[in-house]
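Enquirer: After the structure tokens below, expect a handful of questions from me.
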Amino acid sequence: MLYGICNLSIVPLRLETSDNSEMVSQVLFGEHFKVLDKKKNWSKIRIHFDGCEGYINNKQFFEISEENYLELSNSNTTLSGELIDFLIEENGQLSTIPIGATLPFYHNKKVSIGAKKFTFEGTIINKKLDKELLLKTAFLFLNTPHFWGGKTPFGIDSAGFTQMVYKLCGYQLLRKAKQQATQGEVLSFIEESEPGDLAFFDDNEGVITHVGIIMKDNHIIHAYGKVRIDRLDHSGIYNVDTKKHTHKLRVIKKII
């Protein structure tokens, strides 16, 4: 088994071995993974954090040892806490990283990937935050454009949004909305929910395709066109701009 780590800021994870293939997710700096199958130009990987699988270009990751992989998997994760920040390489070059990037082997403002060392002087997140801070974190992404497969402030999809908000607060969600819907405790009514709980929505075939974070006073923050705030009722999401329902409510889950 081979192992790898992302050594670039934001790398696309593709459905197939082509730059034209659908982007199923993104791999952020410092995320580590198993290499399931390495070909000439592409490798199929499984990200440790959420089990998401896809293809990554071989030029866009760094191979690590099994020992490094296990150490990263078993250690407390440190994340970058600013919307955009940078690492300083030993030669003085800068590498930009987005919020939620992992800082591997972080200690005394030092980060390392293999033999390459970096200095990071920005804000870090390395502990679980109270549930009350989920919405404050969610507001950091407000007005971020919707971007299929994205999970950064430069573009994000609905499940990427909820995953990153929870991740920044120290909690683990799976990558897709239908996967996240398998987590947590089912709530029977909106009235039972509290800010920070998740609402899931399905299509005409009953497949869960969308998710958002419940706010107080029957509002929801979610990624639809952009990360926005709309009304939530027993039918689903009521778009405050178009004055129409856009998503059909399927289930509400309490994750924490």
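In the structure tokens, the first chain shown is A, the next is B, and so on; residue numbers restart at 1 for each chain, and ligands run from 1 in the order shown.
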Residues at most 9 Å from Thr17 (chain A), counting only C-alpha atoms, excluding those fewer than 2 positions away in the same chain, as an MDAnalysis selection string?
Expert: chainID A and resid 14:15 19:21 41:44 54:57
Enquirer: As an MDAnalysis selection string, please: every residue in region 28-255 of chain A that a backbone DSSP assignment puts in helix (DSSP H, G or I).
Expert: chainID A and resid 58:60 66:74 131:141 158:168 177:180 190:192
Enquirer: Keeping only C-alpha atoms, write those residues as a JSON list (two decimals), in the first residue's frame.
Expert:
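Now in selection.json:
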[["chain", "number", "residue", "atom", "x", "y", "z"],
["A", 58, "ASN", "CA", 0.48, 12.34, -9.64],
["A", 59, "LYS", "CA", 2.19, 15.74, -9.95],
["A", 60, "GLN", "CA", -0.02, 17.15, -7.22],
["A", 66, "GLU", "CA", 3.21, 4.20, 6.24],
["A", 67, "GLU", "CA", 4.76, 5.38, 9.51],
["A", 68, "ASN", "CA", 4.01, 9.02, 8.64],
["A", 69, "TYR", "CA", 0.49, 8.11, 7.53],
["A", 70, "LEU", "CA", -0.27, 6.32, 10.80],
["A", 71, "GLU", "CA", 1.27, 9.10, 12.87],
["A", 72, "LEU", "CA", -0.88, 11.69, 11.12],
["A", 73, "SER", "CA", -3.97, 9.48, 11.45],
["A", 74, "ASN", "CA", -3.49, 9.02, 15.18],
["A", 131, "LYS", "CA", -21.92, 23.77, 19.18],
["A", 132, "GLU", "CA", -22.90, 27.43, 19.57],
["A", 133, "LEU", "CA", -19.88, 28.36, 17.43],
["A", 134, "LEU", "CA", -21.02, 26.34, 14.40],
["A", 135, "LEU", "CA", -23.07, 29.23, 13.00],
["A", 136, "LYS", "CA", -20.33, 31.78, 13.66],
["A", 137, "THR", "CA", -18.05, 29.53, 11.63],
["A", 138, "ALA", "CA", -20.69, 29.06, 8.93],
["A", 139, "PHE", "CA", -20.96, 32.84, 8.48],
["A", 140, "LEU", "CA", -17.30, 32.91, 7.40],
["A", 141, "PHE", "CA", -18.46, 31.27, 4.15],
["A", 158, "SER", "CA", -23.77, 22.15, 0.03],
["A", 159, "ALA", "CA", -22.17, 19.10, 1.64],
["A", 160, "GLY", "CA", -18.70, 20.60, 1.37],
["A", 161, "PHE", "CA", -20.04, 23.62, 3.26],
["A", 162, "THR", "CA", -21.51, 21.61, 6.13],
["A", 163, "GLN", "CA", -18.48, 19.32, 6.27],
["A", 164, "MET", "CA", -16.00, 22.20, 6.48],
["A", 165, "VAL", "CA", -18.03, 24.09, 9.10],
["A", 166, "TYR", "CA", -18.19, 21.01, 11.30],
["A", 167, "LYS", "CA", -14.52, 20.17, 10.63],
["A", 168, "LEU", "CA", -13.40, 23.63, 11.71],
["A", 177, "ALA", "CA", -25.18, 14.97, 1.61],
["A", 178, "LYS", "CA", -26.67, 11.48, 1.39],
["A", 179, "GLN", "CA", -23.73, 10.14, 3.43],
["A", 180, "GLN", "CA", -24.04, 12.87, 6.06],
["A", 190, "ILE", "CA", -38.26, 21.39, 13.09],
["A", 191, "GLU", "CA", -39.38, 22.57, 16.53],
["A", 192, "GLU", "CA", -37.10, 19.93, 18.10]]
Enquirer: Using only C-alpha atoms, tabulate the residues of region 8-80 of chain A lying at most 8 Å from any atom of region 96-119 of chain A, each with its closest atom pair and that distance in Å to one decimal, by chain and increasing residue number, as a Markdown table.
Expert:
| residue | atom | partner | partner_atom | distance |
| --- | --- | --- | --- | --- |
| A:Leu8 | CA | A:Ile97 | CA | 7.9 |
| A:Ser9 | CA | A:Ile97 | CA | 4.8 |
| A:Ile10 | CA | A:Ile97 | CA | 7.6 |
| A:Leu28 | CA | A:Ala101 | CA | 5.5 |
| A:Phe29 | CA | A:Ala101 | CA | 5.2 |
| A:Gly30 | CA | A:Thr102 | CA | 4.5 |
| A:Glu31 | CA | A:Thr102 | CA | 5.9 |
| A:Ile64 | CA | A:Gly114 | CA | 6.9 |
| A:Leu72 | CA | A:Pro104 | CA | 7.1 |
| A:Thr77 | CA | A:Thr102 | CA | 7.0 |
| A:Thr78 | CA | A:Leu103 | CA | 5.5 |
| A:Leu79 | CA | A:Thr102 | CA | 4.6 |
| A:Ser80 | CA | A:Ile99 | CA | 5.3 |
Enquirer: Any chance you can output those residues with N, CA and C atoms as a compact mmCIF listing (two decimals), in the first residue's frame?
Expert:
# COMPACT_ATOMS: atom_id res chain seq x y z
N LEU A 8 -0.01 20.91 -1.95
CA LEU A 8 -0.44 22.13 -2.63
C LEU A 8 -1.72 22.64 -1.97
N SER A 9 -2.06 23.88 -2.25
CA SER A 9 -3.16 24.51 -1.51
C SER A 9 -4.51 23.82 -1.72
N ILE A 10 -4.92 23.67 -2.98
CA ILE A 10 -6.23 23.10 -3.31
C ILE A 10 -6.08 22.27 -4.57
N LEU A 28 -7.23 19.40 0.22
CA LEU A 28 -6.58 20.61 0.71
C LEU A 28 -5.19 20.30 1.25
N PHE A 29 -4.38 21.33 1.31
CA PHE A 29 -3.02 21.18 1.82
C PHE A 29 -3.02 20.40 3.13
N GLY A 30 -2.12 19.42 3.21
CA GLY A 30 -1.93 18.67 4.45
C GLY A 30 -2.84 17.48 4.65
N GLU A 31 -3.85 17.31 3.78
CA GLU A 31 -4.71 16.14 3.93
C GLU A 31 -3.95 14.91 3.45
N ILE A 64 4.28 9.60 1.14
CA ILE A 64 4.82 9.51 2.49
C ILE A 64 4.88 8.05 2.91
N LEU A 72 0.08 10.63 11.41
CA LEU A 72 -0.88 11.69 11.12
C LEU A 72 -2.31 11.26 11.46
N THR A 77 -5.34 16.74 15.03
CA THR A 77 -5.21 17.53 13.81
C THR A 77 -5.20 19.03 14.11
N THR A 78 -4.29 19.74 13.47
CA THR A 78 -4.23 21.20 13.56
C THR A 78 -4.60 21.78 12.21
N LEU A 79 -5.55 22.72 12.21
CA LEU A 79 -6.06 23.33 10.98
C LEU A 79 -5.74 24.81 10.92
N SER A 80 -5.66 25.33 9.70
CA SER A 80 -5.53 26.76 9.50
C SER A 80 -6.88 27.42 9.76
Enquirer: Rank A:Thr152, A:Lys253, A:Asn143, A:Val211 by their smallest atom-to-atom distance to Glu194 (chain A), using only C-alpha atoms, and report the top residue only.
Expert: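 Nearest to Glu194 (chain A): A:Lys253.
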Enquirer: Restricting the calculation to only C-alpha atoms: of A:Arg228, A:Phe120, A:Lys38, A:Ala199, which residue gets closest to Leu187 (chain A)?
Expert: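 Among the listed residues, A:Ala199 lies closest to Leu187 (chain A).
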Enquirer: Any idea what the distance is between CA of Val186 (chain A) and CA of Lys151 (chain A)?
Expert: 25.4 Å
Enquirer: Do you have the CA of Leu2 (chain A)-CA of Val35 (chain A) distance handy?
Expert: 5.0 Å
Enquirer: Can you list, as a list of chain:residue names, every protein, DNA or RNA residue that comes within 7 Å of Pro12 (chain A) when you count only C-alpha atoms, leaving out same-chain residues fewer than 3 positions away?
Expert: A:Met23, A:Ser25, A:Gln26, A:Val27, A:Ile56
Enquirer: What separation in Å, quoted to one decimal, exists between CA of Glu16 (chain A) and CA of Ile84 (chain A)?
Expert: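 Distance reported for this atom pair: 29.1 Å.
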Enquirer: Considering only C-alpha atoms, state which residue in the set A:Ile47, A:Val227, A:Val251, A:Cys169 is at the smallest distance from Pro153 (chain A).
Expert: A:Val227
Enquirer: A:Asp157, A:Glu22, A:Glu82, A:Asp241: which is nearest Ala223 (chain A), counting only C-alpha atoms?
Expert: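 Answer, going by the shortest atom-to-atom distance: A:Asp157.
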Enquirer: Taking the DSSP secondary structure from the backbone, can you list the residues of region 53-124 of chain A that are strand (DSSP E), as a PyMOL selection string?
Expert: chain A and resi 53-57+62-64+79-80+84-89+94-98+110-113+116-119+124
Enquirer: Compare A:Gly225, A:Ile252, A:Thr182, A:Lys243 by their minimum atom-to-atom distance to Pro145 (chain A), counting only C-alpha atoms, and give me the closest one.
Expert: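 Distance minimum relative to Pro145 (chain A) lands on A:Gly225.
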Enquirer: Using only C-alpha atoms, find the one residue out of A:Trp148, A:Phe189, A:Tyr171, A:Phe61 that sits nearest to Asn7 (chain A).
Expert: A:Phe61
